[in-house]
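entry.cif follows (mmCIF, N, CA and C atoms):
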data_work
#
loop_
_atom_site.label_atom_id
_atom_site.label_comp_id
_atom_site.auth_asym_id
_atom_site.auth_seq_id
_atom_site.Cartn_x
_atom_site.Cartn_y
_atom_site.Cartn_z
N MET K 1 -148.36 114.43 2.50
CA MET K 1 -149.26 115.34 3.17
C MET K 1 -148.99 116.77 2.69
N ARG K 2 -150.03 117.45 2.39
CA ARG K 2 -149.94 118.83 1.93
C ARG K 2 -150.00 119.77 3.12
N LYS K 3 -149.09 120.72 3.19
CA LYS K 3 -149.09 121.71 4.26
C LYS K 3 -150.23 122.70 4.00
N THR K 4 -151.00 122.97 5.03
CA THR K 4 -152.16 123.84 4.94
C THR K 4 -151.99 124.99 5.92
N LYS K 5 -152.41 126.16 5.54
CA LYS K 5 -152.33 127.32 6.41
C LYS K 5 -153.12 127.06 7.69
N LEU K 6 -152.53 127.38 8.82
CA LEU K 6 -153.17 127.17 10.11
C LEU K 6 -154.11 128.34 10.39
N ASN K 7 -155.38 128.11 10.07
CA ASN K 7 -156.40 129.12 10.35
C ASN K 7 -157.74 128.44 10.62
N LYS K 8 -158.71 129.22 11.04
CA LYS K 8 -160.01 128.70 11.46
C LYS K 8 -160.70 127.93 10.33
N SER K 9 -160.65 128.47 9.14
CA SER K 9 -161.32 127.84 8.01
C SER K 9 -160.74 126.46 7.70
N ASN K 10 -159.43 126.35 7.65
CA ASN K 10 -158.79 125.07 7.31
C ASN K 10 -158.93 124.05 8.43
N VAL K 11 -158.84 124.48 9.67
CA VAL K 11 -158.98 123.55 10.79
C VAL K 11 -160.41 123.04 10.90
N SER K 12 -161.38 123.81 10.44
CA SER K 12 -162.78 123.36 10.50
C SER K 12 -163.01 122.11 9.65
N ASN K 13 -162.12 121.84 8.70
CA ASN K 13 -162.24 120.64 7.85
C ASN K 13 -161.66 119.39 8.50
N VAL K 14 -160.96 119.56 9.62
CA VAL K 14 -160.36 118.42 10.34
C VAL K 14 -161.45 117.74 11.16
N LYS K 15 -161.44 116.41 11.16
CA LYS K 15 -162.46 115.65 11.88
C LYS K 15 -162.09 115.48 13.35
N ASN K 16 -163.08 115.15 14.14
CA ASN K 16 -162.89 114.88 15.57
C ASN K 16 -162.42 113.45 15.76
N LYS K 17 -161.21 113.18 15.26
CA LYS K 17 -160.62 111.84 15.32
C LYS K 17 -159.22 111.94 15.92
N PRO K 18 -158.68 110.82 16.41
CA PRO K 18 -157.32 110.84 16.93
C PRO K 18 -156.29 110.82 15.81
N GLY K 19 -155.08 111.31 16.14
CA GLY K 19 -154.02 111.26 15.15
C GLY K 19 -152.82 112.08 15.55
N ILE K 20 -151.99 112.36 14.56
CA ILE K 20 -150.75 113.11 14.76
C ILE K 20 -150.80 114.35 13.88
N TYR K 21 -150.16 115.43 14.36
CA TYR K 21 -150.11 116.65 13.58
C TYR K 21 -148.72 117.24 13.67
N ARG K 22 -148.38 118.04 12.65
CA ARG K 22 -147.10 118.73 12.62
C ARG K 22 -147.37 120.21 12.34
N ILE K 23 -146.63 121.06 13.03
CA ILE K 23 -146.74 122.50 12.84
C ILE K 23 -145.46 122.97 12.15
N TYR K 24 -145.61 123.87 11.16
CA TYR K 24 -144.49 124.38 10.37
C TYR K 24 -144.39 125.90 10.50
N ASP K 25 -143.18 126.40 10.38
CA ASP K 25 -142.99 127.86 10.39
C ASP K 25 -143.25 128.43 9.00
N GLY K 26 -143.03 129.72 8.85
CA GLY K 26 -143.30 130.40 7.58
C GLY K 26 -142.44 129.94 6.43
N LYS K 27 -141.30 129.30 6.72
CA LYS K 27 -140.41 128.79 5.68
C LYS K 27 -140.70 127.33 5.34
N GLY K 28 -141.70 126.75 6.02
CA GLY K 28 -142.04 125.36 5.77
C GLY K 28 -141.25 124.36 6.57
N LYS K 29 -140.47 124.84 7.54
CA LYS K 29 -139.66 123.96 8.39
C LYS K 29 -140.51 123.47 9.56
N PRO K 30 -140.48 122.16 9.84
CA PRO K 30 -141.27 121.66 10.98
C PRO K 30 -140.70 122.19 12.29
N VAL K 31 -141.60 122.66 13.17
CA VAL K 31 -141.18 123.19 14.47
C VAL K 31 -141.83 122.46 15.63
N TYR K 32 -142.85 121.64 15.35
CA TYR K 32 -143.52 120.91 16.43
C TYR K 32 -144.28 119.72 15.87
N VAL K 33 -144.29 118.64 16.62
CA VAL K 33 -145.11 117.49 16.29
C VAL K 33 -145.86 117.10 17.56
N GLY K 34 -147.12 116.76 17.40
CA GLY K 34 -147.92 116.39 18.56
C GLY K 34 -149.00 115.39 18.20
N THR K 35 -149.65 114.86 19.22
CA THR K 35 -150.75 113.92 19.03
C THR K 35 -151.96 114.43 19.78
N SER K 36 -153.11 113.91 19.41
CA SER K 36 -154.33 114.28 20.11
C SER K 36 -155.40 113.23 19.88
N LYS K 37 -156.23 113.04 20.88
CA LYS K 37 -157.38 112.14 20.73
C LYS K 37 -158.44 112.80 19.86
N ILE K 38 -158.43 114.14 19.81
CA ILE K 38 -159.38 114.89 18.98
C ILE K 38 -158.58 115.98 18.26
N LEU K 39 -158.12 115.67 17.06
CA LEU K 39 -157.24 116.57 16.31
C LEU K 39 -157.84 117.96 16.11
N LYS K 40 -159.09 118.03 15.75
CA LYS K 40 -159.72 119.33 15.47
C LYS K 40 -159.60 120.26 16.67
N HIS K 41 -159.92 119.76 17.86
CA HIS K 41 -159.85 120.61 19.05
C HIS K 41 -158.42 121.06 19.34
N ARG K 42 -157.47 120.16 19.19
CA ARG K 42 -156.08 120.52 19.47
C ARG K 42 -155.60 121.58 18.49
N LEU K 43 -155.87 121.41 17.22
CA LEU K 43 -155.41 122.38 16.23
C LEU K 43 -156.09 123.74 16.42
N GLN K 44 -157.34 123.74 16.83
CA GLN K 44 -158.04 125.01 17.10
C GLN K 44 -157.34 125.79 18.21
N SER K 45 -156.75 125.09 19.14
CA SER K 45 -156.13 125.75 20.29
C SER K 45 -154.92 126.60 19.90
N TYR K 46 -154.36 126.41 18.73
CA TYR K 46 -153.19 127.18 18.33
C TYR K 46 -153.52 128.56 17.81
N TYR K 47 -154.77 128.84 17.49
CA TYR K 47 -155.10 130.19 17.07
C TYR K 47 -156.18 130.83 17.94
N GLN K 48 -156.71 130.12 18.91
CA GLN K 48 -157.72 130.69 19.81
C GLN K 48 -157.06 131.62 20.82
N ASP K 49 -157.82 132.61 21.24
CA ASP K 49 -157.35 133.50 22.31
C ASP K 49 -157.62 132.81 23.64
N ASP K 50 -156.56 132.54 24.36
CA ASP K 50 -156.71 131.98 25.69
C ASP K 50 -155.48 132.35 26.53
N ASP K 51 -155.46 131.87 27.73
CA ASP K 51 -154.40 132.23 28.66
C ASP K 51 -153.17 131.35 28.43
N PHE K 52 -152.15 131.89 27.78
CA PHE K 52 -150.95 131.12 27.48
C PHE K 52 -149.97 131.06 28.64
N THR K 53 -150.31 131.71 29.75
CA THR K 53 -149.42 131.61 30.92
C THR K 53 -149.43 130.19 31.45
N VAL K 54 -150.50 129.46 31.20
CA VAL K 54 -150.61 128.08 31.66
C VAL K 54 -149.80 127.16 30.76
N ASN K 55 -149.81 127.39 29.45
CA ASN K 55 -149.13 126.53 28.51
C ASN K 55 -148.01 127.30 27.82
N THR K 56 -146.82 127.23 28.39
CA THR K 56 -145.69 128.00 27.85
C THR K 56 -145.23 127.52 26.48
N THR K 57 -145.40 126.23 26.19
CA THR K 57 -145.02 125.72 24.87
C THR K 57 -145.88 126.36 23.79
N LYS K 58 -147.19 126.42 24.02
CA LYS K 58 -148.08 127.05 23.03
C LYS K 58 -147.76 128.53 22.88
N ARG K 59 -147.46 129.18 23.96
CA ARG K 59 -147.14 130.62 23.90
C ARG K 59 -145.91 130.83 23.03
N ALA K 60 -144.88 130.00 23.20
CA ALA K 60 -143.66 130.12 22.41
C ALA K 60 -143.86 129.71 20.95
N LEU K 61 -144.71 128.74 20.74
CA LEU K 61 -144.93 128.19 19.39
C LEU K 61 -145.81 129.08 18.53
N ARG K 62 -146.75 129.76 19.13
CA ARG K 62 -147.76 130.50 18.37
C ARG K 62 -147.19 131.42 17.29
N PRO K 63 -146.16 132.23 17.55
CA PRO K 63 -145.65 133.11 16.49
C PRO K 63 -145.06 132.34 15.30
N ASP K 64 -144.58 131.13 15.52
CA ASP K 64 -143.98 130.33 14.46
C ASP K 64 -145.00 129.49 13.69
N ALA K 65 -146.16 129.24 14.27
CA ALA K 65 -147.15 128.32 13.70
C ALA K 65 -147.85 128.96 12.51
N LYS K 66 -147.46 128.55 11.32
CA LYS K 66 -148.04 129.11 10.09
C LYS K 66 -148.82 128.07 9.28
N LYS K 67 -148.33 126.82 9.27
CA LYS K 67 -148.97 125.76 8.49
C LYS K 67 -149.02 124.49 9.31
N PHE K 68 -149.81 123.53 8.84
CA PHE K 68 -149.90 122.25 9.54
C PHE K 68 -150.21 121.12 8.58
N THR K 69 -149.89 119.92 9.02
CA THR K 69 -150.31 118.69 8.36
C THR K 69 -150.83 117.78 9.46
N PHE K 70 -151.59 116.79 9.08
CA PHE K 70 -152.11 115.85 10.07
C PHE K 70 -152.42 114.52 9.41
N SER K 71 -152.50 113.48 10.23
CA SER K 71 -152.88 112.14 9.77
C SER K 71 -153.75 111.52 10.85
N TYR K 72 -154.85 110.95 10.45
CA TYR K 72 -155.70 110.22 11.38
C TYR K 72 -155.09 108.85 11.63
N MET K 73 -155.04 108.45 12.90
CA MET K 73 -154.58 107.11 13.26
C MET K 73 -154.90 106.88 14.72
N GLY K 74 -154.80 105.67 15.15
CA GLY K 74 -155.01 105.35 16.56
C GLY K 74 -154.03 106.10 17.43
N ILE K 75 -154.44 106.45 18.63
CA ILE K 75 -153.61 107.28 19.49
C ILE K 75 -152.31 106.58 19.90
N THR K 76 -152.34 105.29 20.09
CA THR K 76 -151.11 104.57 20.46
C THR K 76 -150.08 104.64 19.34
N LYS K 77 -150.53 104.41 18.13
CA LYS K 77 -149.64 104.51 16.97
C LYS K 77 -149.14 105.94 16.79
N ALA K 78 -150.03 106.91 16.99
CA ALA K 78 -149.66 108.32 16.85
C ALA K 78 -148.58 108.71 17.85
N ARG K 79 -148.72 108.25 19.09
CA ARG K 79 -147.73 108.59 20.13
C ARG K 79 -146.38 107.96 19.85
N THR K 80 -146.38 106.76 19.30
CA THR K 80 -145.12 106.11 18.93
C THR K 80 -144.44 106.89 17.82
N LEU K 81 -145.20 107.30 16.81
CA LEU K 81 -144.66 108.08 15.71
C LEU K 81 -144.19 109.46 16.19
N GLU K 82 -144.94 110.07 17.09
CA GLU K 82 -144.55 111.36 17.65
C GLU K 82 -143.18 111.27 18.32
N LYS K 83 -143.00 110.23 19.12
CA LYS K 83 -141.74 110.06 19.85
C LYS K 83 -140.56 109.98 18.88
N LYS K 84 -140.75 109.29 17.76
CA LYS K 84 -139.68 109.16 16.76
C LYS K 84 -139.46 110.45 15.98
N SER K 85 -140.51 111.26 15.82
CA SER K 85 -140.47 112.43 14.94
C SER K 85 -140.05 113.73 15.60
N LYS K 86 -140.12 113.81 16.92
CA LYS K 86 -139.93 115.11 17.55
C LYS K 86 -138.47 115.51 17.82
N LYS K 87 -137.55 114.61 17.65
CA LYS K 87 -136.15 114.91 17.93
C LYS K 87 -135.66 116.10 17.09
N GLY K 88 -135.11 117.08 17.77
CA GLY K 88 -134.52 118.22 17.10
C GLY K 88 -135.48 119.34 16.73
N LEU K 89 -136.76 119.18 17.01
CA LEU K 89 -137.71 120.23 16.68
C LEU K 89 -137.68 121.31 17.76
N ARG K 90 -137.76 122.53 17.34
CA ARG K 90 -137.56 123.68 18.22
C ARG K 90 -138.49 123.72 19.43
N HIS K 91 -139.75 123.38 19.27
CA HIS K 91 -140.71 123.55 20.35
C HIS K 91 -141.07 122.23 21.08
N ASN K 92 -140.53 121.12 20.64
CA ASN K 92 -140.76 119.87 21.34
C ASN K 92 -139.71 119.70 22.43
N HIS K 93 -140.15 119.21 23.56
CA HIS K 93 -139.22 118.90 24.65
C HIS K 93 -138.85 117.44 24.51
N ASN K 94 -137.58 117.18 24.26
CA ASN K 94 -137.13 115.81 24.03
C ASN K 94 -136.91 115.05 25.31
#
Can you turn what I pasted into structure tokens?
Amino acid sequence: MRKTKLNKSNVSNVKNKPGIYRIYDGKGKPVYVGTSKILKHRLQSYYQDDDFTVNTTKRALRPDAKKFTFSYMGITKARTLEKKSKKGLRHNHN
């Protein structure tokens, strides 16, 4: 998977499908892994202006979120992979 800059233009190419995504910091180090039933909407939420008082993880992650990768897959498979992948990542709660 190629790391892509997390911005409006690049996220617009993501389809409205379920899958797993990873967020990377400016050095290319993974800082978060997540799943979504609609990847495009979830990835858009990382650069949209909204009230981060409700979602403290997004508020903390936003300054670090520079690039992303994603894979389309069924949500059950994505959640299983997420559980295995999130250990030790800065913004994931284990």
Selection result for the PyMOL selection byres ((chain K and resi 26-31) around 5) on this file, as number ranges by chain: K: 23-25, 32-33, 89-91
Separation of atom N of Pro63 in chain K from atom N of Gln44 in chain K, in Å and rounded to one decimal: 14.1 Å
Residue set, chain K restricted to strand (DSSP E), as a PyMOL selection string: chain K and resi 4-5+19-24+30-36+67-72
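Minimum distance to Arg59 in chain K across K:Lys84, K:Pro18, K:Ser71, K:Tyr46 (counting only C-alpha atoms) occurs at K:Tyr46.
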Residue IDs satisfying the PyMOL selection byres ((chain K and resi 72) around 7), as a list in words: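 Matching residues under the PyMOL selection byres ((chain K and resi 72) around 7) are Lys17, Pro18, Gly19, Ile20, Phe70, Ser71, Met73 and Gly74 of chain K.
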Straight-line distance linking CA of Leu61 in chain K with atom C of Arg22 in chain K, stated in Å to one decimal: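 If I compute the distance from CA of Leu61 in chain K to atom C of Arg22 in chain K, I get 10.9 Å.
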Which of range 28-74 of chain K fall in helix (DSSP H, G or I), as a ChimeraX atom specification: /K:39-44,56-61
Output the selection as a CSV table (one decimal), in the frame of the given file - N, CA and C atoms for each residue.
chain,number,residue,atom,x,y,z
K,39,LEU,N,-158.1,115.7,17.1
K,39,LEU,CA,-157.2,116.6,16.3
K,39,LEU,C,-157.8,118.0,16.1
K,40,LYS,N,-159.1,118.0,15.8
K,40,LYS,CA,-159.7,119.3,15.5
K,40,LYS,C,-159.6,120.3,16.7
K,41,HIS,N,-159.9,119.8,17.9
K,41,HIS,CA,-159.8,120.6,19.0
K,41,HIS,C,-158.4,121.1,19.3
K,42,ARG,N,-157.5,120.2,19.2
K,42,ARG,CA,-156.1,120.5,19.5
K,42,ARG,C,-155.6,121.6,18.5
K,43,LEU,N,-155.9,121.4,17.2
K,43,LEU,CA,-155.4,122.4,16.2
K,43,LEU,C,-156.1,123.7,16.4
K,44,GLN,N,-157.3,123.7,16.8
K,44,GLN,CA,-158.0,125.0,17.1
K,44,GLN,C,-157.3,125.8,18.2
K,56,THR,N,-146.8,127.2,28.4
K,56,THR,CA,-145.7,128.0,27.8
K,56,THR,C,-145.2,127.5,26.5
K,57,THR,N,-145.4,126.2,26.2
K,57,THR,CA,-145.0,125.7,24.9
K,57,THR,C,-145.9,126.4,23.8
K,58,LYS,N,-147.2,126.4,24.0
K,58,LYS,CA,-148.1,127.0,23.0
K,58,LYS,C,-147.8,128.5,22.9
K,59,ARG,N,-147.5,129.2,24.0
K,59,ARG,CA,-147.1,130.6,23.9
K,59,ARG,C,-145.9,130.8,23.0
K,60,ALA,N,-144.9,130.0,23.2
K,60,ALA,CA,-143.7,130.1,22.4
K,60,ALA,C,-143.9,129.7,21.0
K,61,LEU,N,-144.7,128.7,20.7
K,61,LEU,CA,-144.9,128.2,19.4
K,61,LEU,C,-145.8,129.1,18.5
Residues matched by the PyMOL selection byres ((chain K and resi 2) around 8) as a ChimeraX atom specification: /K:1,3-5,67-70
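For the pair atom C of Lys37 in chain K and atom N of Asn55 in chain K, the interatomic distance is 19.5 Å.
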Shell of 7 Å around Lys40 in chain K, all atoms listed in the file, local chain residues under 6 positions omitted, as a PyMOL selection string: chain K and resi 11-12+14-17
Would you give the centre and edge lengths, in Å to one decimal, of a box along x, y and z around the listed atoms of range 3-22 of chain K, with 8 Å added to each side, as AutoDock Vina command-line options?
--center_x -155.1 --center_y 120.0 --center_z 10.1 --size_x 32.0 --size_y 34.4 --size_z 29.7
Proximity to Leu6 in chain K - best of K:Ala65, K:Ile75, K:Leu39, K:Leu81, only N, CA and C atoms: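 Of the candidates, the smallest distance to Leu6 in chain K is held by K:Ala65.
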